[in-house]
Structures are given as C-alpha cells and as structure tokens.
file final.cif (mmCIF, C-alpha atoms and all ligand atoms)
data_data
loop_
_atom_site.label_atom_id
_atom_site.label_comp_id
_atom_site.auth_asym_id
_atom_site.auth_seq_id
_atom_site.Cartn_x
_atom_site.Cartn_y
_atom_site.Cartn_z
CA MET Q 528 -59.90 37.89 -80.02
CA ILE Q 529 -60.39 34.80 -77.88
CA VAL Q 530 -57.70 32.13 -78.31
CA LEU Q 531 -58.59 28.52 -77.52
CA TYR Q 532 -55.74 26.06 -76.95
CA GLU Q 533 -57.27 22.69 -77.62
CA ARG Q 534 -57.32 19.25 -79.18
CA THR Q 535 -60.27 19.16 -81.52
CA ASP Q 536 -61.36 15.61 -80.56
CA CYS Q 537 -61.34 16.35 -76.81
CA PRO Q 538 -64.96 16.50 -75.53
CA PHE Q 539 -64.13 19.31 -73.08
CA CYS Q 540 -62.72 21.40 -75.94
CA TRP Q 541 -65.58 20.47 -78.25
CA LYS Q 542 -68.08 21.59 -75.61
CA VAL Q 543 -66.45 25.05 -75.49
CA ARG Q 544 -66.35 25.31 -79.31
CA ILE Q 545 -70.06 24.50 -79.44
CA ALA Q 546 -70.77 27.29 -76.94
CA LEU Q 547 -68.60 29.75 -78.90
CA ALA Q 548 -70.31 28.82 -82.17
CA ALA Q 549 -73.80 28.94 -80.66
CA LEU Q 550 -73.11 32.43 -79.29
CA GLY Q 551 -71.47 33.51 -82.56
CA VAL Q 552 -68.24 34.53 -80.82
CA PRO Q 553 -65.20 34.53 -83.12
CA TYR Q 554 -62.06 32.83 -81.81
CA GLU Q 555 -58.71 31.48 -82.90
CA SER Q 556 -58.09 27.78 -82.33
CA VAL Q 557 -54.53 26.72 -81.50
CA GLY Q 558 -54.23 22.95 -81.85
CA THR Q 559 -52.19 20.90 -79.39
CA GLU Q 560 -51.11 17.29 -79.79
CA LEU Q 561 -51.94 14.37 -77.52
CA GLY Q 562 -49.22 14.15 -74.87
CA VAL Q 563 -47.46 17.34 -75.99
CA LYS Q 564 -47.98 20.36 -73.72
CA HIS Q 565 -48.20 23.74 -75.41
CA PRO Q 566 -46.22 26.42 -73.49
CA GLN Q 567 -49.37 28.53 -73.02
CA VAL Q 568 -51.19 25.51 -71.60
CA LEU Q 569 -48.37 24.93 -69.13
CA LYS Q 570 -48.35 28.62 -68.29
CA TYR Q 571 -52.05 28.94 -67.54
CA SER Q 572 -53.27 25.48 -66.57
CA PRO Q 573 -52.15 24.05 -63.22
CA THR Q 574 -53.51 20.68 -64.41
CA GLY Q 575 -51.76 20.87 -67.80
CA THR Q 576 -55.02 19.97 -69.51
CA VAL Q 577 -56.78 21.41 -72.54
CA PRO Q 578 -58.83 23.43 -73.19
CA VAL Q 579 -57.22 26.68 -72.11
CA MET Q 580 -58.98 29.87 -73.15
CA GLN Q 581 -57.42 33.29 -73.29
CA ASP Q 582 -59.48 36.43 -73.74
CA GLY Q 583 -57.19 39.45 -73.38
CA ASP Q 584 -55.98 39.42 -69.78
CA VAL Q 585 -58.28 36.59 -68.77
CA ALA Q 586 -56.96 33.02 -68.96
CA ILE Q 587 -59.21 30.09 -67.98
CA TRP Q 588 -58.18 26.43 -67.65
CA GLU Q 589 -61.43 24.64 -66.78
CA SER Q 590 -64.08 24.12 -69.45
CA GLY Q 591 -67.09 24.67 -67.16
CA VAL Q 592 -65.64 28.01 -66.05
CA MET Q 593 -65.19 28.92 -69.73
CA LEU Q 594 -68.90 28.35 -70.38
CA ASP Q 595 -69.80 30.48 -67.36
CA TYR Q 596 -67.46 33.24 -68.58
CA LEU Q 597 -68.78 33.12 -72.16
CA GLU Q 598 -72.34 33.29 -70.91
CA ARG Q 599 -71.62 36.34 -68.73
CA CYS Q 600 -69.55 38.22 -71.33
CA TYR Q 601 -71.11 37.26 -74.64
CA GLY Q 602 -74.62 35.94 -74.07
CA PRO Q 603 -76.29 36.65 -70.73
CA GLY Q 604 -79.29 34.36 -70.41
CA ARG Q 605 -78.39 32.30 -73.47
CA LEU Q 606 -76.36 29.38 -72.12
CA VAL Q 607 -77.71 29.49 -68.58
CA PRO Q 608 -81.47 29.91 -68.23
CA SER Q 609 -82.42 32.84 -65.97
CA ASP Q 610 -84.81 30.71 -63.90
CA PRO Q 611 -82.68 29.34 -61.03
CA ALA Q 612 -84.35 25.91 -61.09
CA TYR Q 613 -83.74 25.52 -64.84
CA ALA Q 614 -80.20 26.85 -64.43
CA ALA Q 615 -79.57 24.18 -61.79
CA ARG Q 616 -80.84 21.49 -64.16
CA ALA Q 617 -78.62 22.75 -66.98
CA TRP Q 618 -75.53 22.75 -64.73
CA SER Q 619 -76.48 19.35 -63.34
CA LEU Q 620 -76.57 17.94 -66.86
CA HIS Q 621 -73.16 19.53 -67.45
CA ALA Q 622 -71.82 17.78 -64.31
CA TYR Q 623 -73.40 14.49 -65.39
CA CYS Q 624 -71.59 14.68 -68.74
CA ASP Q 625 -68.18 15.28 -67.16
CA LYS Q 626 -68.51 13.08 -64.09
CA VAL Q 627 -70.62 10.14 -65.33
CA ILE Q 628 -70.73 9.98 -69.13
CA GLY Q 629 -67.02 10.73 -69.59
CA PRO Q 630 -65.85 7.90 -67.31
CA ALA Q 631 -68.51 5.54 -68.77
CA LEU Q 632 -67.30 6.05 -72.34
CA LYS Q 633 -63.60 6.18 -71.50
CA GLY Q 634 -62.85 2.44 -71.86
CA LEU Q 635 -64.57 2.19 -75.22
CA VAL Q 636 -63.07 5.35 -76.69
CA PHE Q 637 -59.52 4.89 -75.40
CA GLU Q 638 -59.39 1.24 -76.45
CA LYS Q 639 -60.64 1.91 -79.98
CA ARG Q 640 -58.51 5.02 -80.34
CA SER Q 641 -55.23 3.55 -79.20
CA ARG Q 642 -55.12 0.04 -80.75
CA PRO Q 643 -55.78 -1.66 -84.07
CA GLU Q 644 -59.15 -3.45 -84.12
CA GLY Q 645 -57.62 -6.94 -83.84
CA GLU Q 646 -56.04 -6.01 -80.48
CA TRP Q 647 -59.10 -4.47 -78.82
CA ASP Q 648 -59.98 -5.69 -75.33
CA LEU Q 649 -63.58 -6.64 -76.08
CA ASP Q 650 -64.46 -7.18 -72.41
CA LEU Q 651 -63.39 -3.63 -71.60
CA ILE Q 652 -65.33 -2.27 -74.57
CA GLY Q 653 -68.40 -4.31 -73.55
CA GLU Q 654 -68.28 -3.02 -69.96
CA SER Q 655 -67.93 0.55 -71.16
CA ALA Q 656 -70.80 0.11 -73.66
CA GLU Q 657 -73.02 -1.21 -70.85
CA LYS Q 658 -72.29 1.82 -68.66
CA TRP Q 659 -72.92 4.09 -71.64
CA ARG Q 660 -76.28 2.38 -72.20
CA ASP Q 661 -77.22 3.14 -68.57
CA CYS Q 662 -76.30 6.78 -69.16
CA GLN Q 663 -78.50 6.92 -72.24
CA ALA Q 664 -81.40 5.45 -70.25
CA TRP Q 665 -80.88 8.18 -67.61
CA LEU Q 666 -80.79 10.86 -70.30
CA GLU Q 667 -83.88 9.46 -72.03
CA ALA Q 668 -85.82 9.62 -68.76
CA SER Q 669 -84.68 13.18 -67.98
CA VAL Q 670 -84.65 14.83 -71.41
CA GLY Q 671 -87.80 16.85 -70.61
CA GLU Q 672 -86.05 18.40 -67.62
CA TRP Q 673 -83.01 19.79 -69.40
CA ALA Q 674 -84.00 20.25 -73.08
CA LEU Q 675 -85.67 23.51 -72.27
CA ASP Q 676 -86.21 25.22 -75.57
CA ASP Q 677 -85.66 24.16 -79.20
CA ASN Q 678 -83.99 27.46 -80.03
CA ALA Q 679 -81.62 27.78 -77.10
CA LEU Q 680 -78.73 25.60 -76.08
CA ASN Q 681 -77.79 25.46 -72.42
CA VAL Q 682 -74.44 24.63 -70.82
CA GLY Q 683 -75.46 21.04 -70.15
CA GLU Q 684 -76.55 20.56 -73.75
CA CYS Q 685 -73.20 21.91 -74.99
CA ALA Q 686 -71.44 19.25 -72.93
CA LEU Q 687 -73.85 16.49 -73.93
CA ALA Q 688 -73.62 17.33 -77.64
CA ALA Q 689 -69.85 16.77 -77.54
CA ARG Q 690 -70.20 13.47 -75.62
CA LEU Q 691 -72.78 12.11 -78.07
CA GLY Q 692 -70.60 13.25 -80.95
CA VAL Q 693 -67.60 11.36 -79.58
CA ALA Q 694 -69.73 8.25 -78.95
CA GLU Q 695 -71.02 8.33 -82.53
CA VAL Q 696 -67.53 8.47 -84.03
CA TYR Q 697 -66.62 5.34 -82.05
CA ASP Q 698 -69.73 3.46 -83.26
CA ALA Q 699 -71.61 3.94 -80.00
CA GLY Q 700 -74.00 6.70 -81.12
CA VAL Q 701 -77.47 7.05 -79.66
CA THR Q 702 -80.01 4.72 -81.30
CA SER Q 703 -83.79 4.47 -81.65
CA GLU Q 704 -83.80 2.50 -78.39
CA PHE Q 705 -83.78 5.97 -76.81
CA PRO Q 706 -86.14 7.94 -79.10
CA ALA Q 707 -86.37 11.21 -77.17
CA LEU Q 708 -82.59 11.43 -76.86
CA GLU Q 709 -82.13 10.46 -80.50
CA ALA Q 710 -84.61 13.16 -81.58
CA TRP Q 711 -82.78 15.75 -79.46
CA TYR Q 712 -79.44 14.77 -81.05
CA CYS Q 713 -80.85 14.82 -84.60
CA ARG Q 714 -82.28 18.33 -84.07
CA LEU Q 715 -78.97 19.49 -82.68
CA THR Q 716 -76.87 18.15 -85.54
CA GLU Q 717 -79.00 20.11 -88.00
CA GLN Q 718 -77.99 23.43 -86.40
CA PRO Q 719 -75.27 25.54 -88.08
CA PHE Q 720 -73.17 25.64 -84.89
CA TRP Q 721 -72.81 21.83 -85.00
CA LYS Q 722 -70.98 21.92 -88.30
CA ALA Q 723 -68.94 24.95 -87.26
CA ALA Q 724 -67.66 23.25 -84.09
CA TYR Q 725 -67.24 19.71 -85.46
CA PRO Q 726 -63.72 18.30 -84.80
CA THR Q 727 -61.47 18.59 -87.84
CA SER Q 728 -59.84 15.31 -86.78
CA PHE Q 729 -63.20 13.48 -87.07
CA ILE Q 730 -64.17 14.75 -90.51
CA GLY Q 731 -64.35 11.78 -92.89
CA LYS Q 732 -64.33 9.15 -90.11
N1 LIG E 801 -61.77 19.26 -66.03
C1 LIG E 801 -61.05 19.64 -67.23
C2 LIG E 801 -60.71 18.34 -67.95
C3 LIG E 801 -59.88 18.59 -69.22
C4 LIG E 801 -59.18 17.32 -69.69
O1 LIG E 801 -59.17 16.27 -69.02
N2 LIG E 801 -58.57 17.39 -70.90
C5 LIG E 801 -57.80 16.29 -71.40
C6 LIG E 801 -58.09 16.07 -72.89
S1 LIG E 801 -59.72 15.46 -73.19
C7 LIG E 801 -56.31 16.60 -71.33
O2 LIG E 801 -55.90 17.73 -71.52
N3 LIG E 801 -55.49 15.57 -71.06
C8 LIG E 801 -54.07 15.72 -71.00
C9 LIG E 801 -53.41 15.79 -72.34
O3 LIG E 801 -54.08 15.62 -73.38
O4 LIG E 801 -52.20 16.02 -72.40
C10 LIG E 801 -61.90 20.59 -68.07
O5 LIG E 801 -63.14 20.49 -68.00
O6 LIG E 801 -61.34 21.46 -68.77
#
call {"tool": "encode", "arguments": {"input": "final.cif", "output": "structure tokens"}}
result
Amino acid sequence: MIVLYERTDCPFCWKVRIALAALGVPYESVGTELGVKHPQVLKYSPTGTVPVMQDGDVAIWESGVMLDYLERCYGPGRLVPSDPAYAARAWSLHAYCDKVIGPALKGLVFEKRSRPEGEWDLDLIGESAEKWRDCQAWLEASVGEWALDDNALNVGECALAARLGVAEVYDAGVTSEFPALEAWYCRLTEQPFWKAAYPTSFIGK
C-alpha cells in the first residue's frame, strides 16, 4: 500500500491526498510535525520536505512528480487530460498554484498561524491579501481554460483545491467577487473526495 509522509495542513500534501482520494487509491498517512524531520523523509527527500510518497520500491519527494506517478499507475487519462493542449493548461495551473499562489498567500498564512491575533503584522497580511486578490482575478479570468469537465479533476485543480482550502481556513476564502471561481470551489467541496482528503488539523476551525 502507498505510504504518504505528510503534514495534513501542508498544501503540497493536501494536493496529493486529493488526487489519491479522487482516484480512489488507498494509502496510509504517516503524520510529521512542523520542524521535525521523519527518518523516512530524511532518507528519501534531498530537500527534507513533505510530502514523501512510498509505493513499494518507488519513493518520490516532489508533489508534482507524485501526481504524475499516480496518474500513470492508477488513473491514466484521469488527472492529466489526453489532449496535449489541455494537459499543458492543467500543468500550467499546477505550476501557478505552487509558484504564484503559494508565495502570495505565504505572508497571510504564516503570520496568522504563528502568532496570536493581537501580534499580527497587519501590513504584511494586507500585502499578502492584495497579492492573493490578484491571483483570484487571474483564476477568474482563466477558469474556462482549466476547468475542463465537471466530473474530472486535473492535476492543476488538485493543487488549486488545496490552496483555496488553506485560504478559507485563514479567512481569505474566495468570495462572490469572483463568481466563476467561487462556483468552481463550491462544486468541488461537494465531492466525496473533498471530505476524504480534508486536513484533520483543520477540522473544527
Ligand atoms: N516542492 C515541494 C515543496 C514541499 C514543501 O515545501 N513542503 C513544506 C511543507 S508545506 C515542508 O516540508 N517544509 C519543511 C518542514 O515542514 O519541515 C513539493 O511540491 O513537494
């Protein structure tokens, strides 16, 4: 069985759990703590980051590679559309989530996560919220290019779902200012895989 070394609130880990749940692949989750490196993570990840996924002899330390592997082994054509142009759009959305949305949300999430409310740096949070708003405008304008099919979830959507989920927990969820994006997120959160992959550390927040 697949073993996933992860922190449940990490968006890279959440993305992989969403893919696993959407494909219906069973796995064992091994939780790691913030700042504490699990021996298997140190063994397999040259960056020391989570997630790390082990499937028999195969160990993978980069979340995008995990999605590619899962697609090839457990769901050909399900996470990556067969049409090359659509596949490129799905992977581009995946890159946008990791390279643009992640850094945009970082200030807001890290500040709120690491300090009591009275000590928050509101300027930092405001700057981060502004960048996040720009991302949502970009997503709103491009939703028709990457939301390919109501019944299928592509690699980019797995990554985006986790990012929107994190934003929501830190009171920066998508609003009706971006109706197409909001509708996409609402549809997504009604799917069984959403509940199955939801971070245990966020339940009740
Ligand atoms: N590019 C990596 C990024 C993974 C990453 O940055 N993970 C963070 C958690 S969100 C991490 O492990 N940070 C170090 C730590 O928590 O000790 C991937 O996609 O897997």
call {"tool": "residues_near_point", "arguments": {"input": "final.cif", "point": "(-66.3, 19.5, -65.3)", "cutoff": "8 Å", "atoms": "only C-alpha atoms", "output": "PDB file with C-alpha atoms, in the coordinates of the input"}}
result
ATOM      1  CA  GLU Q 589     -61.430  24.640 -66.780  1.00  0.00           C
ATOM      2  CA  SER Q 590     -64.080  24.120 -69.450  1.00  0.00           C
ATOM      3  CA  GLY Q 591     -67.090  24.670 -67.160  1.00  0.00           C
ATOM      4  CA  HIS Q 621     -73.160  19.530 -67.450  1.00  0.00           C
ATOM      5  CA  ALA Q 622     -71.820  17.780 -64.310  1.00  0.00           C
ATOM      6  CA  CYS Q 624     -71.590  14.680 -68.740  1.00  0.00           C
ATOM      7  CA  ASP Q 625     -68.180  15.280 -67.160  1.00  0.00           C
ATOM      8  CA  LYS Q 626     -68.510  13.080 -64.090  1.00  0.00           C
TER       9      LYS Q 626
END
call {"tool": "residues_around", "arguments": {"input": "final.cif", "residues": "Q:Ala586", "least_positions_apart": "6", "cutoff": "10 Å", "atoms": "only C-alpha atoms", "output": "number ranges by chain"}}
result
Q: 529-531, 567-568, 570-572, 579-580, 593
call {"tool": "atom_distance", "arguments": {"input": "final.cif", "atom1": "atom CA of Q:Tyr613", "atom2": "atom CA of Q:Trp588"}}
result
25.7 Å
call {"tool": "residues_around", "arguments": {"input": "final.cif", "residues": "stretch 555-565 of chain Q", "least_positions_apart": "2", "cutoff": "12 Å", "atoms": "all atoms listed in the file", "output": "count of residues only"}}
result
40
call {"tool": "closest_residue", "arguments": {"input": "final.cif", "among": "Q:Asn681, Q:Thr716, Q:Thr702, Q:Ser655", "to": "Q:Ile628", "atoms": "only C-alpha atoms"}}
result
Q:Ser655
call {"tool": "atom_distance", "arguments": {"input": "final.cif", "atom1": "atom CA of Q:Ile652", "atom2": "atom CA of Q:Val693"}}
result
14.7 Å
call {"tool": "residues_around", "arguments": {"input": "final.cif", "residues": "Q:Arg599", "least_positions_apart": "6", "cutoff": "12 Å", "atoms": "only C-alpha atoms", "output": "mmCIF file with C-alpha atoms, in the coordinates of the input"}}
result
data_model
loop_
_atom_site.group_PDB
_atom_site.id
_atom_site.type_symbol
_atom_site.label_atom_id
_atom_site.label_comp_id
_atom_site.auth_asym_id
_atom_site.auth_seq_id
_atom_site.Cartn_x
_atom_site.Cartn_y
_atom_site.Cartn_z
ATOM 1 C CA LEU Q 550 -73.110 32.430 -79.290
ATOM 2 C CA VAL Q 592 -65.640 28.010 -66.050
ATOM 3 C CA MET Q 593 -65.190 28.920 -69.730
ATOM 4 C CA ARG Q 605 -78.390 32.300 -73.470
ATOM 5 C CA LEU Q 606 -76.360 29.380 -72.120
ATOM 6 C CA VAL Q 607 -77.710 29.490 -68.580
ATOM 7 C CA PRO Q 608 -81.470 29.910 -68.230
ATOM 8 C CA SER Q 609 -82.420 32.840 -65.970
#
call {"tool": "atom_distance", "arguments": {"input": "final.cif", "atom1": "atom CA of Q:Ala656", "atom2": "atom CA of Q:Pro538"}}
result
17.5 Å
call {"tool": "residues_around", "arguments": {"input": "final.cif", "residues": "Q:Leu632", "least_positions_apart": "6", "cutoff": "12 Å", "atoms": "all atoms listed in the file", "output": "PyMOL selection string"}}
result
chain Q and resi 538+624-626+638-640+651-663+690-700
call {"tool": "closest_residue", "arguments": {"input": "final.cif", "among": "Q:Arg616, Q:Lys722, Q:Lys542, Q:Arg714", "to": "ligand LIG 801 (chain E)", "atoms": "all atoms listed in the file"}}
result
Q:Lys542
call {"tool": "closest_residue", "arguments": {"input": "final.cif", "among": "Q:Ala617, Q:Ala688, Q:Val627, Q:Ile587", "to": "ligand LIG 801 (chain E)", "atoms": "all atoms listed in the file"}}
result
Q:Ile587
call {"tool": "closest_residue", "arguments": {"input": "final.cif", "among": "Q:Trp711, Q:Tyr596, Q:Phe637, Q:Trp647", "to": "Q:Gly671", "atoms": "all atoms listed in the file"}}
result
Q:Trp711
call {"tool": "closest_residue", "arguments": {"input": "final.cif", "among": "Q:Leu597, Q:Val636, Q:Ala674, Q:Leu687", "to": "Q:Tyr623", "atoms": "only C-alpha atoms"}}
result
Q:Leu687
call {"tool": "residues_around", "arguments": {"input": "final.cif", "residues": "Q:Leu715", "least_positions_apart": "3", "cutoff": "10 Å", "atoms": "all atoms listed in the file", "output": "PDB file with C-alpha atoms, keeping the file's coordinate frame"}}
result
ATOM      1  CA  ASP Q 677     -85.660  24.160 -79.200  1.00  0.00           C
ATOM      2  CA  ASN Q 678     -83.990  27.460 -80.030  1.00  0.00           C
ATOM      3  CA  LEU Q 680     -78.730  25.600 -76.080  1.00  0.00           C
ATOM      4  CA  GLU Q 684     -76.550  20.560 -73.750  1.00  0.00           C
ATOM      5  CA  CYS Q 685     -73.200  21.910 -74.990  1.00  0.00           C
ATOM      6  CA  ALA Q 688     -73.620  17.330 -77.640  1.00  0.00           C
ATOM      7  CA  GLU Q 709     -82.130  10.460 -80.500  1.00  0.00           C
ATOM      8  CA  ALA Q 710     -84.610  13.160 -81.580  1.00  0.00           C
ATOM      9  CA  TRP Q 711     -82.780  15.750 -79.460  1.00  0.00           C
ATOM     10  CA  TYR Q 712     -79.440  14.770 -81.050  1.00  0.00           C
ATOM     11  CA  GLN Q 718     -77.990  23.430 -86.400  1.00  0.00           C
ATOM     12  CA  PRO Q 719     -75.270  25.540 -88.080  1.00  0.00           C
ATOM     13  CA  PHE Q 720     -73.170  25.640 -84.890  1.00  0.00           C
ATOM     14  CA  TRP Q 721     -72.810  21.830 -85.000  1.00  0.00           C
TER      15      TRP Q 721
END
call {"tool": "axis_aligned_box", "arguments": {"input": "final.cif", "around": "stretch 561-577 of chain Q", "padding_each_side": "6 Å", "output": "JSON"}}
result
{"center_x": -51.5, "center_y": 21.5, "center_z": -70.4, "size_x": 22.6, "size_y": 26.8, "size_z": 26.3}
call {"tool": "closest_residue", "arguments": {"input": "final.cif", "among": "Q:Gly583, Q:Pro630, Q:Gly604, Q:Gly551", "to": "ligand LIG 801 (chain E)", "atoms": "all atoms listed in the file"}}
result
Q:Pro630
call {"tool": "decode", "arguments": {"input": "final.cif", "residues": "stretch 614-630 of chain Q", "atoms": "N, CA and C atoms", "output": "PDB file, in the first residue's frame"}}
result
ATOM      1  N   ALA Q 614      -3.674  19.212 -21.457  1.00  0.00           N
ATOM      2  CA  ALA Q 614      -2.700  18.743 -20.452  1.00  0.00           C
ATOM      3  C   ALA Q 614      -1.764  19.892 -20.073  1.00  0.00           C
ATOM      4  N   ALA Q 615      -1.332  20.649 -21.073  1.00  0.00           N
ATOM      5  CA  ALA Q 615      -0.438  21.781 -20.800  1.00  0.00           C
ATOM      6  C   ALA Q 615      -1.137  22.807 -19.909  1.00  0.00           C
ATOM      7  N   ARG Q 616      -2.419  23.029 -20.155  1.00  0.00           N
ATOM      8  CA  ARG Q 616      -3.145  24.003 -19.308  1.00  0.00           C
ATOM      9  C   ARG Q 616      -3.267  23.492 -17.872  1.00  0.00           C
ATOM     10  N   ALA Q 617      -3.528  22.195 -17.736  1.00  0.00           N
ATOM     11  CA  ALA Q 617      -3.668  21.620 -16.389  1.00  0.00           C
ATOM     12  C   ALA Q 617      -2.341  21.739 -15.623  1.00  0.00           C
ATOM     13  N   TRP Q 618      -1.228  21.419 -16.296  1.00  0.00           N
ATOM     14  CA  TRP Q 618       0.079  21.515 -15.631  1.00  0.00           C
ATOM     15  C   TRP Q 618       0.465  22.971 -15.391  1.00  0.00           C
ATOM     16  N   SER Q 619       0.022  23.849 -16.268  1.00  0.00           N
ATOM     17  CA  SER Q 619       0.325  25.275 -16.053  1.00  0.00           C
ATOM     18  C   SER Q 619      -0.407  25.787 -14.819  1.00  0.00           C
ATOM     19  N   LEU Q 620      -1.647  25.350 -14.647  1.00  0.00           N
ATOM     20  CA  LEU Q 620      -2.377  25.747 -13.433  1.00  0.00           C
ATOM     21  C   LEU Q 620      -1.670  25.199 -12.197  1.00  0.00           C
ATOM     22  N   HIS Q 621      -1.185  23.959 -12.299  1.00  0.00           N
ATOM     23  CA  HIS Q 621      -0.441  23.353 -11.191  1.00  0.00           C
ATOM     24  C   HIS Q 621       0.784  24.228 -10.844  1.00  0.00           C
ATOM     25  N   ALA Q 622       1.512  24.655 -11.875  1.00  0.00           N
ATOM     26  CA  ALA Q 622       2.699  25.496 -11.644  1.00  0.00           C
ATOM     27  C   ALA Q 622       2.286  26.839 -11.041  1.00  0.00           C
ATOM     28  N   TYR Q 623       1.187  27.387 -11.515  1.00  0.00           N
ATOM     29  CA  TYR Q 623       0.714  28.677 -10.994  1.00  0.00           C
ATOM     30  C   TYR Q 623       0.417  28.567  -9.481  1.00  0.00           C
ATOM     31  N   CYS Q 624      -0.186  27.457  -9.104  1.00  0.00           N
ATOM     32  CA  CYS Q 624      -0.516  27.267  -7.675  1.00  0.00           C
ATOM     33  C   CYS Q 624       0.747  27.243  -6.825  1.00  0.00           C
ATOM     34  N   ASP Q 625       1.756  26.493  -7.277  1.00  0.00           N
ATOM     35  CA  ASP Q 625       2.970  26.344  -6.469  1.00  0.00           C
ATOM     36  C   ASP Q 625       3.873  27.578  -6.542  1.00  0.00           C
ATOM     37  N   LYS Q 626       3.942  28.180  -7.720  1.00  0.00           N
ATOM     38  CA  LYS Q 626       4.924  29.265  -7.904  1.00  0.00           C
ATOM     39  C   LYS Q 626       4.355  30.659  -7.646  1.00  0.00           C
ATOM     40  N   VAL Q 627       3.051  30.838  -7.795  1.00  0.00           N
ATOM     41  CA  VAL Q 627       2.465  32.182  -7.642  1.00  0.00           C
ATOM     42  C   VAL Q 627       1.521  32.247  -6.431  1.00  0.00           C
ATOM     43  N   ILE Q 628       0.565  31.329  -6.371  1.00  0.00           N
ATOM     44  CA  ILE Q 628      -0.406  31.408  -5.267  1.00  0.00           C
ATOM     45  C   ILE Q 628       0.266  31.137  -3.916  1.00  0.00           C
ATOM     46  N   GLY Q 629       1.114  30.114  -3.880  1.00  0.00           N
ATOM     47  CA  GLY Q 629       1.796  29.780  -2.616  1.00  0.00           C
ATOM     48  C   GLY Q 629       2.533  30.983  -2.039  1.00  0.00           C
ATOM     49  N   PRO Q 630       3.452  31.581  -2.814  1.00  0.00           N
ATOM     50  CA  PRO Q 630       4.152  32.769  -2.303  1.00  0.00           C
ATOM     51  C   PRO Q 630       3.210  33.933  -1.974  1.00  0.00           C
TER      52      PRO Q 630
END
